[in-house]
>>> print(open('target_5.cif').read())   # mmCIF, C-alpha atoms
data_final
loop_
_atom_site.group_PDB
_atom_site.id
_atom_site.type_symbol
_atom_site.label_atom_id
_atom_site.label_comp_id
_atom_site.auth_asym_id
_atom_site.auth_seq_id
_atom_site.Cartn_x
_atom_site.Cartn_y
_atom_site.Cartn_z
ATOM 1 C CA LEU A 16 0.000 0.000 0.000
ATOM 2 C CA SER A 17 1.388 3.363 -0.913
ATOM 3 C CA GLY A 18 1.328 6.275 1.475
ATOM 4 C CA MET A 19 -0.959 8.260 -0.849
ATOM 5 C CA LYS A 20 -4.718 8.377 -1.389
ATOM 6 C CA THR A 21 -6.098 8.329 -4.934
ATOM 7 C CA ASP A 22 -6.499 12.110 -4.782
ATOM 8 C CA GLY A 23 -2.752 12.524 -4.094
ATOM 9 C CA THR A 24 -3.016 13.421 -0.411
ATOM 10 C CA ALA A 25 -1.030 11.524 2.203
ATOM 11 C CA VAL A 26 -2.601 8.653 4.145
ATOM 12 C CA HIS A 27 -2.324 8.995 7.903
ATOM 13 C CA PRO A 28 0.157 6.418 9.293
ATOM 14 C CA GLN A 29 -2.527 4.865 11.549
ATOM 15 C CA THR A 30 -4.895 4.516 8.598
ATOM 16 C CA ARG A 31 -2.150 2.944 6.527
ATOM 17 C CA ARG A 32 -1.299 0.487 9.328
ATOM 18 C CA HIS A 33 -5.012 -0.380 9.717
ATOM 19 C CA LEU A 34 -5.312 -1.071 5.976
ATOM 20 C CA ILE A 35 -2.219 -3.269 5.996
ATOM 21 C CA ASN A 36 -3.395 -5.176 9.073
ATOM 22 C CA SER A 37 -6.887 -5.568 7.594
ATOM 23 C CA GLU A 38 -5.421 -7.153 4.462
ATOM 24 C CA ARG A 39 -3.213 -9.476 6.540
ATOM 25 C CA LEU A 40 -6.256 -10.543 8.556
ATOM 26 C CA ARG A 41 -8.335 -11.040 5.429
ATOM 27 C CA LYS A 42 -5.696 -13.321 3.881
ATOM 28 C CA ALA A 43 -5.321 -15.253 7.125
ATOM 29 C CA ALA A 44 -9.105 -15.592 7.498
ATOM 30 C CA ILE A 45 -9.420 -16.913 3.945
ATOM 31 C CA GLN A 46 -6.736 -19.490 4.641
ATOM 32 C CA GLU A 47 -8.285 -20.536 7.966
ATOM 33 C CA PHE A 48 -11.856 -20.750 6.603
ATOM 34 C CA ALA A 49 -10.688 -22.604 3.485
ATOM 35 C CA GLN A 50 -8.700 -25.163 5.471
ATOM 36 C CA GLN A 51 -10.920 -25.585 8.532
ATOM 37 C CA GLY A 52 -14.385 -24.675 7.291
ATOM 38 C CA PHE A 53 -16.506 -22.080 9.014
ATOM 39 C CA LEU A 54 -17.439 -24.120 12.090
ATOM 40 C CA ASP A 55 -13.903 -25.250 12.940
ATOM 41 C CA ALA A 56 -12.176 -21.969 12.112
ATOM 42 C CA LYS A 57 -10.946 -20.009 15.126
ATOM 43 C CA VAL A 58 -10.294 -16.310 15.546
ATOM 44 C CA SER A 59 -7.170 -17.210 17.531
ATOM 45 C CA SER A 60 -5.845 -19.156 14.525
ATOM 46 C CA ILE A 61 -6.638 -16.280 12.160
ATOM 47 C CA VAL A 62 -4.752 -13.745 14.247
ATOM 48 C CA ALA A 63 -1.856 -16.167 14.728
ATOM 49 C CA LEU A 64 -1.599 -16.635 10.944
ATOM 50 C CA ALA A 65 -1.721 -12.863 10.457
ATOM 51 C CA GLU A 66 0.782 -12.374 13.303
ATOM 52 C CA LEU A 67 -1.544 -9.861 14.941
ATOM 53 C CA SER A 68 -3.556 -9.629 18.150
ATOM 54 C CA GLN A 69 -7.207 -10.481 18.721
ATOM 55 C CA PRO A 70 -8.108 -6.792 19.238
ATOM 56 C CA SER A 71 -6.801 -6.208 15.683
ATOM 57 C CA PHE A 72 -9.304 -8.768 14.416
ATOM 58 C CA TYR A 73 -12.183 -7.115 16.260
ATOM 59 C CA ARG A 74 -11.256 -3.690 14.859
ATOM 60 C CA VAL A 75 -11.948 -5.137 11.392
ATOM 61 C CA TRP A 76 -14.900 -7.459 12.114
ATOM 62 C CA PRO A 77 -17.217 -7.774 15.121
ATOM 63 C CA SER A 78 -17.189 -11.603 14.964
ATOM 64 C CA LYS A 79 -15.972 -14.689 13.131
ATOM 65 C CA GLU A 80 -19.362 -14.823 11.397
ATOM 66 C CA ALA A 81 -18.990 -11.242 10.185
ATOM 67 C CA ALA A 82 -15.524 -11.978 8.826
ATOM 68 C CA TYR A 83 -16.757 -15.041 6.970
ATOM 69 C CA HIS A 84 -19.812 -13.340 5.505
ATOM 70 C CA SER A 85 -17.846 -10.242 4.530
ATOM 71 C CA ILE A 86 -15.292 -12.315 2.621
ATOM 72 C CA VAL A 87 -17.928 -14.473 0.902
ATOM 73 C CA GLU A 88 -20.227 -11.558 0.019
ATOM 74 C CA ASP A 89 -17.386 -9.381 -1.312
ATOM 75 C CA THR A 90 -16.120 -12.261 -3.438
ATOM 76 C CA ASN A 91 -19.570 -13.143 -4.751
ATOM 77 C CA GLY A 92 -20.052 -9.498 -5.714
ATOM 78 C CA ILE A 93 -16.814 -9.532 -7.709
ATOM 79 C CA TRP A 94 -17.731 -12.845 -9.346
ATOM 80 C CA GLN A 95 -21.216 -11.654 -10.243
ATOM 81 C CA GLU A 96 -19.827 -8.507 -11.837
ATOM 82 C CA ALA A 97 -17.339 -10.598 -13.843
ATOM 83 C CA ALA A 98 -20.144 -12.978 -14.861
ATOM 84 C CA PHE A 99 -22.300 -10.061 -15.989
ATOM 85 C CA ASN A 100 -19.385 -8.560 -17.913
ATOM 86 C CA SER A 101 -18.468 -11.881 -19.527
ATOM 87 C CA LEU A 102 -21.293 -11.452 -22.043
ATOM 88 C CA GLN A 103 -21.171 -7.673 -22.416
ATOM 89 C CA LEU A 104 -20.653 -6.287 -25.894
ATOM 90 C CA GLU A 105 -18.290 -3.344 -25.847
ATOM 91 C CA GLY A 106 -16.589 -1.500 -28.665
ATOM 92 C CA ASP A 107 -16.056 -2.581 -32.233
ATOM 93 C CA GLY A 108 -14.923 -5.894 -33.614
ATOM 94 C CA PRO A 109 -16.383 -9.366 -33.758
ATOM 95 C CA TYR A 110 -18.418 -10.451 -30.759
ATOM 96 C CA ARG A 111 -16.339 -13.643 -30.447
ATOM 97 C CA MET A 112 -13.239 -11.531 -29.767
ATOM 98 C CA HIS A 113 -15.044 -9.676 -26.964
ATOM 99 C CA LEU A 114 -16.475 -12.908 -25.595
ATOM 100 C CA GLU A 115 -13.072 -14.588 -25.514
ATOM 101 C CA ARG A 116 -11.473 -11.703 -23.644
ATOM 102 C CA LYS A 117 -14.351 -11.462 -21.146
ATOM 103 C CA ILE A 118 -14.568 -15.186 -20.406
ATOM 104 C CA GLU A 119 -10.815 -15.332 -19.907
ATOM 105 C CA HIS A 120 -11.112 -12.415 -17.459
ATOM 106 C CA PHE A 121 -13.929 -14.215 -15.623
ATOM 107 C CA PHE A 122 -11.779 -17.344 -15.319
ATOM 108 C CA GLN A 123 -8.857 -15.219 -14.083
ATOM 109 C CA VAL A 124 -11.058 -13.711 -11.383
ATOM 110 C CA LEU A 125 -12.145 -17.189 -10.285
ATOM 111 C CA THR A 126 -8.567 -18.483 -10.099
ATOM 112 C CA LEU A 127 -6.873 -15.477 -8.512
ATOM 113 C CA ASP A 128 -6.846 -17.116 -5.064
ATOM 114 C CA LEU A 129 -7.808 -20.798 -5.107
ATOM 115 C CA ASP A 130 -8.222 -21.002 -1.309
ATOM 116 C CA LEU A 131 -10.737 -18.175 -1.549
ATOM 117 C CA THR A 132 -12.398 -19.807 -4.541
ATOM 118 C CA ARG A 133 -12.823 -23.129 -2.752
ATOM 119 C CA LEU A 134 -14.189 -21.352 0.318
ATOM 120 C CA VAL A 135 -16.778 -19.383 -1.659
ATOM 121 C CA LEU A 136 -17.719 -22.361 -3.846
ATOM 122 C CA ARG A 137 -18.381 -24.429 -0.715
ATOM 123 C CA HIS A 138 -20.571 -21.641 0.663
ATOM 124 C CA ASN A 139 -22.380 -21.153 -2.646
ATOM 125 C CA ARG A 140 -23.210 -24.868 -2.943
ATOM 126 C CA GLN A 141 -24.888 -24.654 0.459
ATOM 127 C CA THR A 142 -26.862 -21.526 -0.488
ATOM 128 C CA ASP A 143 -27.682 -22.422 -4.123
ATOM 129 C CA GLN A 144 -26.143 -19.450 -5.917
ATOM 130 C CA HIS A 145 -26.444 -21.307 -9.241
ATOM 131 C CA GLN A 146 -29.783 -19.722 -10.172
ATOM 132 C CA LEU A 147 -28.399 -16.247 -9.587
ATOM 133 C CA TYR A 148 -25.808 -16.801 -12.330
ATOM 134 C CA VAL A 149 -28.438 -18.260 -14.659
ATOM 135 C CA ASN A 150 -30.506 -15.101 -14.135
ATOM 136 C CA ILE A 151 -27.503 -12.863 -14.839
ATOM 137 C CA TYR A 152 -26.742 -14.731 -18.047
ATOM 138 C CA GLN A 153 -30.392 -14.913 -19.107
ATOM 139 C CA ASP A 154 -30.688 -11.122 -19.004
ATOM 140 C CA GLN A 155 -27.471 -10.760 -20.972
ATOM 141 C CA PHE A 156 -28.510 -13.291 -23.629
ATOM 142 C CA LYS A 157 -31.867 -11.552 -24.014
ATOM 143 C CA ARG A 158 -30.052 -8.250 -24.724
ATOM 144 C CA LEU A 159 -27.770 -9.973 -27.233
ATOM 145 C CA GLN A 160 -30.782 -11.528 -28.966
ATOM 146 C CA GLU A 161 -32.566 -8.184 -29.110
ATOM 147 C CA ALA A 162 -29.441 -6.634 -30.643
ATOM 148 C CA GLY A 163 -29.390 -9.362 -33.322
ATOM 149 C CA ILE A 164 -25.981 -10.644 -32.237
ATOM 150 C CA ILE A 165 -27.001 -14.189 -31.342
ATOM 151 C CA ARG A 166 -29.671 -16.571 -32.514
ATOM 152 C CA THR A 167 -33.233 -16.155 -31.353
ATOM 153 C CA ASP A 168 -34.579 -19.651 -32.030
ATOM 154 C CA LEU A 169 -33.411 -20.703 -28.539
ATOM 155 C CA THR A 170 -34.778 -19.055 -25.414
ATOM 156 C CA SER A 171 -32.487 -16.816 -23.410
ATOM 157 C CA GLU A 172 -33.184 -19.057 -20.401
ATOM 158 C CA LEU A 173 -31.960 -22.156 -22.268
ATOM 159 C CA LEU A 174 -28.868 -20.310 -23.470
ATOM 160 C CA ALA A 175 -28.202 -19.157 -19.900
ATOM 161 C CA GLN A 176 -28.504 -22.705 -18.540
ATOM 162 C CA VAL A 177 -26.144 -24.066 -21.199
ATOM 163 C CA TYR A 178 -23.638 -21.238 -20.759
ATOM 164 C CA THR A 179 -23.701 -21.646 -16.962
ATOM 165 C CA ALA A 180 -23.165 -25.397 -17.259
ATOM 166 C CA LEU A 181 -20.312 -25.027 -19.747
ATOM 167 C CA THR A 182 -18.398 -22.345 -17.885
ATOM 168 C CA GLU A 183 -18.908 -24.173 -14.598
ATOM 169 C CA ARG A 184 -17.793 -27.495 -16.079
ATOM 170 C CA PHE A 185 -14.684 -25.996 -17.675
ATOM 171 C CA PHE A 186 -13.856 -24.221 -14.450
ATOM 172 C CA TYR A 187 -14.056 -27.413 -12.380
ATOM 173 C CA ALA A 188 -12.408 -29.699 -14.965
ATOM 174 C CA ARG A 189 -9.667 -27.384 -16.186
ATOM 175 C CA LEU A 190 -9.013 -24.537 -13.774
ATOM 176 C CA LEU A 191 -9.742 -25.489 -10.185
ATOM 177 C CA GLU A 192 -7.070 -28.179 -10.232
ATOM 178 C CA GLN A 193 -4.818 -26.000 -12.423
ATOM 179 C CA HIS A 194 -4.779 -28.322 -15.444
ATOM 180 C CA GLN A 195 -5.068 -25.302 -17.738
ATOM 181 C CA THR A 196 -4.631 -21.561 -17.612
ATOM 182 C CA PRO A 197 -7.664 -19.286 -17.976
ATOM 183 C CA LYS A 198 -6.529 -18.534 -21.544
ATOM 184 C CA GLN A 199 -6.270 -22.235 -22.447
ATOM 185 C CA ALA A 200 -9.658 -23.069 -20.905
ATOM 186 C CA THR A 201 -11.304 -20.141 -22.684
ATOM 187 C CA SER A 202 -9.807 -21.139 -26.009
ATOM 188 C CA GLU A 203 -11.010 -24.722 -25.595
ATOM 189 C CA LEU A 204 -14.457 -23.595 -24.422
ATOM 190 C CA LEU A 205 -14.962 -21.440 -27.515
ATOM 191 C CA THR A 206 -13.654 -24.013 -30.003
#
>>> encode(input="target_5.cif", output="structure tokens")
Amino acid sequence: LSGMKTDGTAVHPQTRRHLINSERLRKAAIQEFAQQGFLDAKVSSIVALAELSQPSFYRVWPSKEAAYHSIVEDTNGIWQEAAFNSLQLEGDGPYRMHLERKIEHFFQVLTLDLDLTRLVLRHNRQTDQHQLYVNIYQDQFKRLQEAGIIRTDLTSELLAQVYTALTERFFYARLLEQHQTPKQATSELLT
């Protein structure tokens, strides 16, 4: 973290230290939740991993539950934005070129931190987030159909289900276990 805010003014040393400690705690919490699961994770283990004190933890989150939900919700928000953007049409050029770049970005987001990914996937399986992604994709496919970019003889809901299944399958089969890079998986998916 630099000592400057985005507007060019200096960050107070205490604020800077808080931001650094918050990031250390976040990384430690991800590791602890990913390895132990929510129920067996301990705040004492998180602060030990971060090499900080328990009061540092409670300055960031009021409880273990708050830490867990904050991490999962923030990550799901990032994933949902990447999912939404994966079908967005922007700029000139063939749609396939845009699609390839956006899917690769989506796969990169999912593989940035595999401990975090496994943690959030475990949570999402328990809370059935699958339909949320289908809904995101369905809206996007409907826009693409209305713009005349993709075929209209299939419903946007069917296209969303197929797209969700394909991206999910390629993620699990190729990326989660690091058999391919996001670029390789995207290339194979679009072949």
>>> closest_residue(input="target_5.cif", among="A:Thr182, A:Thr206, A:Gln193, A:Gln146", to="Leu127 in chain A", atoms="all atoms listed in the file")
A:Gln193
>>> atom_distance(input="target_5.cif", atom1="CA of Phe48 in chain A", atom2="CA of Pro70 in chain A")
19.2 Å
>>> resolve_selection(input="target_5.cif", expression="the PyMOL selection byres ((chain A and resi 132-138) around 9)", output="PDB file with C-alpha atoms, keeping the file's coordinate frame")
ATOM      1  CA  ILE A  45      -9.420 -16.913   3.945  1.00  0.00           C
ATOM      2  CA  GLN A  46      -6.736 -19.490   4.641  1.00  0.00           C
ATOM      3  CA  PHE A  48     -11.856 -20.750   6.603  1.00  0.00           C
ATOM      4  CA  ALA A  49     -10.688 -22.604   3.485  1.00  0.00           C
ATOM      5  CA  GLN A  50      -8.700 -25.163   5.471  1.00  0.00           C
ATOM      6  CA  GLY A  52     -14.385 -24.675   7.291  1.00  0.00           C
ATOM      7  CA  ILE A  86     -15.292 -12.315   2.621  1.00  0.00           C
ATOM      8  CA  VAL A  87     -17.928 -14.473   0.902  1.00  0.00           C
ATOM      9  CA  GLU A  88     -20.227 -11.558   0.019  1.00  0.00           C
ATOM     10  CA  THR A  90     -16.120 -12.261  -3.438  1.00  0.00           C
ATOM     11  CA  ASN A  91     -19.570 -13.143  -4.751  1.00  0.00           C
ATOM     12  CA  LEU A 125     -12.145 -17.189 -10.285  1.00  0.00           C
ATOM     13  CA  THR A 126      -8.567 -18.483 -10.099  1.00  0.00           C
ATOM     14  CA  LEU A 127      -6.873 -15.477  -8.512  1.00  0.00           C
ATOM     15  CA  ASP A 128      -6.846 -17.116  -5.064  1.00  0.00           C
ATOM     16  CA  LEU A 129      -7.808 -20.798  -5.107  1.00  0.00           C
ATOM     17  CA  ASP A 130      -8.222 -21.002  -1.309  1.00  0.00           C
ATOM     18  CA  LEU A 131     -10.737 -18.175  -1.549  1.00  0.00           C
ATOM     19  CA  ASN A 139     -22.380 -21.153  -2.646  1.00  0.00           C
ATOM     20  CA  ARG A 140     -23.210 -24.868  -2.943  1.00  0.00           C
ATOM     21  CA  GLN A 141     -24.888 -24.654   0.459  1.00  0.00           C
ATOM     22  CA  THR A 142     -26.862 -21.526  -0.488  1.00  0.00           C
ATOM     23  CA  ASP A 143     -27.682 -22.422  -4.123  1.00  0.00           C
ATOM     24  CA  GLN A 144     -26.143 -19.450  -5.917  1.00  0.00           C
ATOM     25  CA  LEU A 191      -9.742 -25.489 -10.185  1.00  0.00           C
TER      26      LEU A 191
END
>>> atom_distance(input="target_5.cif", atom1="CA of Arg31 in chain A", atom2="CA of Leu67 in chain A")
15.3 Å
>>> resolve_selection(input="target_5.cif", expression="the PyMOL selection byres ((chain A and resi 72-81) around 12)", output="number ranges by chain")
A: 33-41, 43-45, 47-48, 52-71, 82-89
>>> decode(input="target_5.cif", residues="range 112-124 of chain A", atoms="all heavy atoms", output="compact mmCIF listing (two decimals), in the first residue's frame")
# COMPACT_ATOMS: atom_id res chain seq x y z
N MET A 112 -14.46 -12.09 -30.34
CA MET A 112 -13.24 -11.53 -29.77
C MET A 112 -13.53 -10.95 -28.38
O MET A 112 -12.79 -11.18 -27.42
CB MET A 112 -12.68 -10.44 -30.69
CG MET A 112 -11.43 -9.78 -30.18
SD MET A 112 -10.89 -8.46 -31.29
CE MET A 112 -12.16 -7.23 -30.99
N HIS A 113 -14.64 -10.23 -28.25
CA HIS A 113 -15.04 -9.68 -26.96
C HIS A 113 -15.34 -10.79 -25.97
O HIS A 113 -14.91 -10.74 -24.82
CB HIS A 113 -16.29 -8.80 -27.11
CG HIS A 113 -16.06 -7.57 -27.91
ND1 HIS A 113 -15.44 -6.45 -27.42
CD2 HIS A 113 -16.36 -7.30 -29.20
CE1 HIS A 113 -15.37 -5.53 -28.36
NE2 HIS A 113 -15.93 -6.01 -29.45
N LEU A 114 -16.09 -11.79 -26.44
CA LEU A 114 -16.47 -12.91 -25.60
C LEU A 114 -15.24 -13.64 -25.07
O LEU A 114 -15.15 -13.95 -23.88
CB LEU A 114 -17.37 -13.87 -26.39
CG LEU A 114 -17.98 -15.03 -25.62
CD1 LEU A 114 -18.89 -14.52 -24.51
CD2 LEU A 114 -18.76 -15.93 -26.58
N GLU A 115 -14.28 -13.89 -25.93
CA GLU A 115 -13.07 -14.59 -25.51
C GLU A 115 -12.33 -13.81 -24.42
O GLU A 115 -11.92 -14.37 -23.40
CB GLU A 115 -12.17 -14.82 -26.72
CG GLU A 115 -10.99 -15.72 -26.42
CD GLU A 115 -10.28 -16.16 -27.69
OE1 GLU A 115 -10.82 -15.98 -28.80
OE2 GLU A 115 -9.16 -16.67 -27.55
N ARG A 116 -12.18 -12.53 -24.62
CA ARG A 116 -11.47 -11.70 -23.64
C ARG A 116 -12.22 -11.67 -22.31
O ARG A 116 -11.63 -11.78 -21.24
CB ARG A 116 -11.30 -10.29 -24.21
CG ARG A 116 -10.41 -9.40 -23.36
CD ARG A 116 -10.18 -8.05 -23.97
NE ARG A 116 -11.42 -7.29 -24.03
CZ ARG A 116 -11.97 -6.83 -25.16
NH1 ARG A 116 -11.38 -6.99 -26.31
NH2 ARG A 116 -13.11 -6.17 -25.13
N LYS A 117 -13.55 -11.57 -22.37
CA LYS A 117 -14.35 -11.46 -21.15
C LYS A 117 -14.42 -12.78 -20.38
O LYS A 117 -14.36 -12.79 -19.15
CB LYS A 117 -15.77 -10.98 -21.47
CG LYS A 117 -15.83 -9.61 -22.12
CD LYS A 117 -15.40 -8.53 -21.17
CE LYS A 117 -15.53 -7.17 -21.75
NZ LYS A 117 -16.77 -6.51 -21.47
N ILE A 118 -14.54 -13.89 -21.09
CA ILE A 118 -14.57 -15.19 -20.41
C ILE A 118 -13.21 -15.46 -19.77
O ILE A 118 -13.13 -15.93 -18.63
CB ILE A 118 -14.98 -16.33 -21.36
CG1 ILE A 118 -16.44 -16.18 -21.76
CG2 ILE A 118 -14.75 -17.69 -20.70
CD1 ILE A 118 -16.90 -17.16 -22.82
N GLU A 119 -12.15 -15.15 -20.49
CA GLU A 119 -10.82 -15.33 -19.91
C GLU A 119 -10.68 -14.50 -18.63
O GLU A 119 -10.15 -14.97 -17.61
CB GLU A 119 -9.73 -14.95 -20.90
CG GLU A 119 -8.33 -15.17 -20.37
CD GLU A 119 -7.24 -14.79 -21.35
OE1 GLU A 119 -7.51 -14.61 -22.56
OE2 GLU A 119 -6.09 -14.66 -20.90
N HIS A 120 -11.16 -13.26 -18.66
CA HIS A 120 -11.11 -12.41 -17.46
C HIS A 120 -11.92 -13.05 -16.32
O HIS A 120 -11.48 -13.07 -15.17
CB HIS A 120 -11.63 -11.01 -17.76
CG HIS A 120 -11.73 -10.16 -16.54
ND1 HIS A 120 -10.64 -9.65 -15.87
CD2 HIS A 120 -12.82 -9.76 -15.82
CE1 HIS A 120 -11.03 -8.98 -14.81
NE2 HIS A 120 -12.36 -9.03 -14.75
N PHE A 121 -13.10 -13.56 -16.63
CA PHE A 121 -13.93 -14.22 -15.62
C PHE A 121 -13.18 -15.39 -15.00
O PHE A 121 -13.13 -15.54 -13.78
CB PHE A 121 -15.25 -14.67 -16.26
CG PHE A 121 -16.22 -15.31 -15.30
CD1 PHE A 121 -16.50 -14.76 -14.06
CD2 PHE A 121 -16.88 -16.47 -15.66
CE1 PHE A 121 -17.41 -15.34 -13.19
CE2 PHE A 121 -17.80 -17.06 -14.80
CZ PHE A 121 -18.06 -16.50 -13.56
N PHE A 122 -12.56 -16.22 -15.83
CA PHE A 122 -11.78 -17.34 -15.32
C PHE A 122 -10.58 -16.87 -14.49
O PHE A 122 -10.22 -17.48 -13.49
CB PHE A 122 -11.31 -18.24 -16.46
CG PHE A 122 -12.38 -19.15 -17.04
CD1 PHE A 122 -12.22 -19.69 -18.30
CD2 PHE A 122 -13.52 -19.46 -16.34
CE1 PHE A 122 -13.17 -20.55 -18.84
CE2 PHE A 122 -14.50 -20.31 -16.86
CZ PHE A 122 -14.32 -20.86 -18.11
N GLN A 123 -9.97 -15.76 -14.87
CA GLN A 123 -8.86 -15.22 -14.08
C GLN A 123 -9.34 -14.79 -12.70
O GLN A 123 -8.66 -15.02 -11.70
CB GLN A 123 -8.21 -14.04 -14.81
CG GLN A 123 -7.38 -14.44 -16.00
CD GLN A 123 -6.97 -13.25 -16.86
OE1 GLN A 123 -7.54 -12.16 -16.76
NE2 GLN A 123 -5.97 -13.46 -17.71
N VAL A 124 -10.49 -14.14 -12.66
CA VAL A 124 -11.06 -13.71 -11.38
C VAL A 124 -11.30 -14.92 -10.48
O VAL A 124 -10.99 -14.90 -9.29
CB VAL A 124 -12.36 -12.91 -11.60
CG1 VAL A 124 -13.14 -12.72 -10.31
CG2 VAL A 124 -12.05 -11.56 -12.25
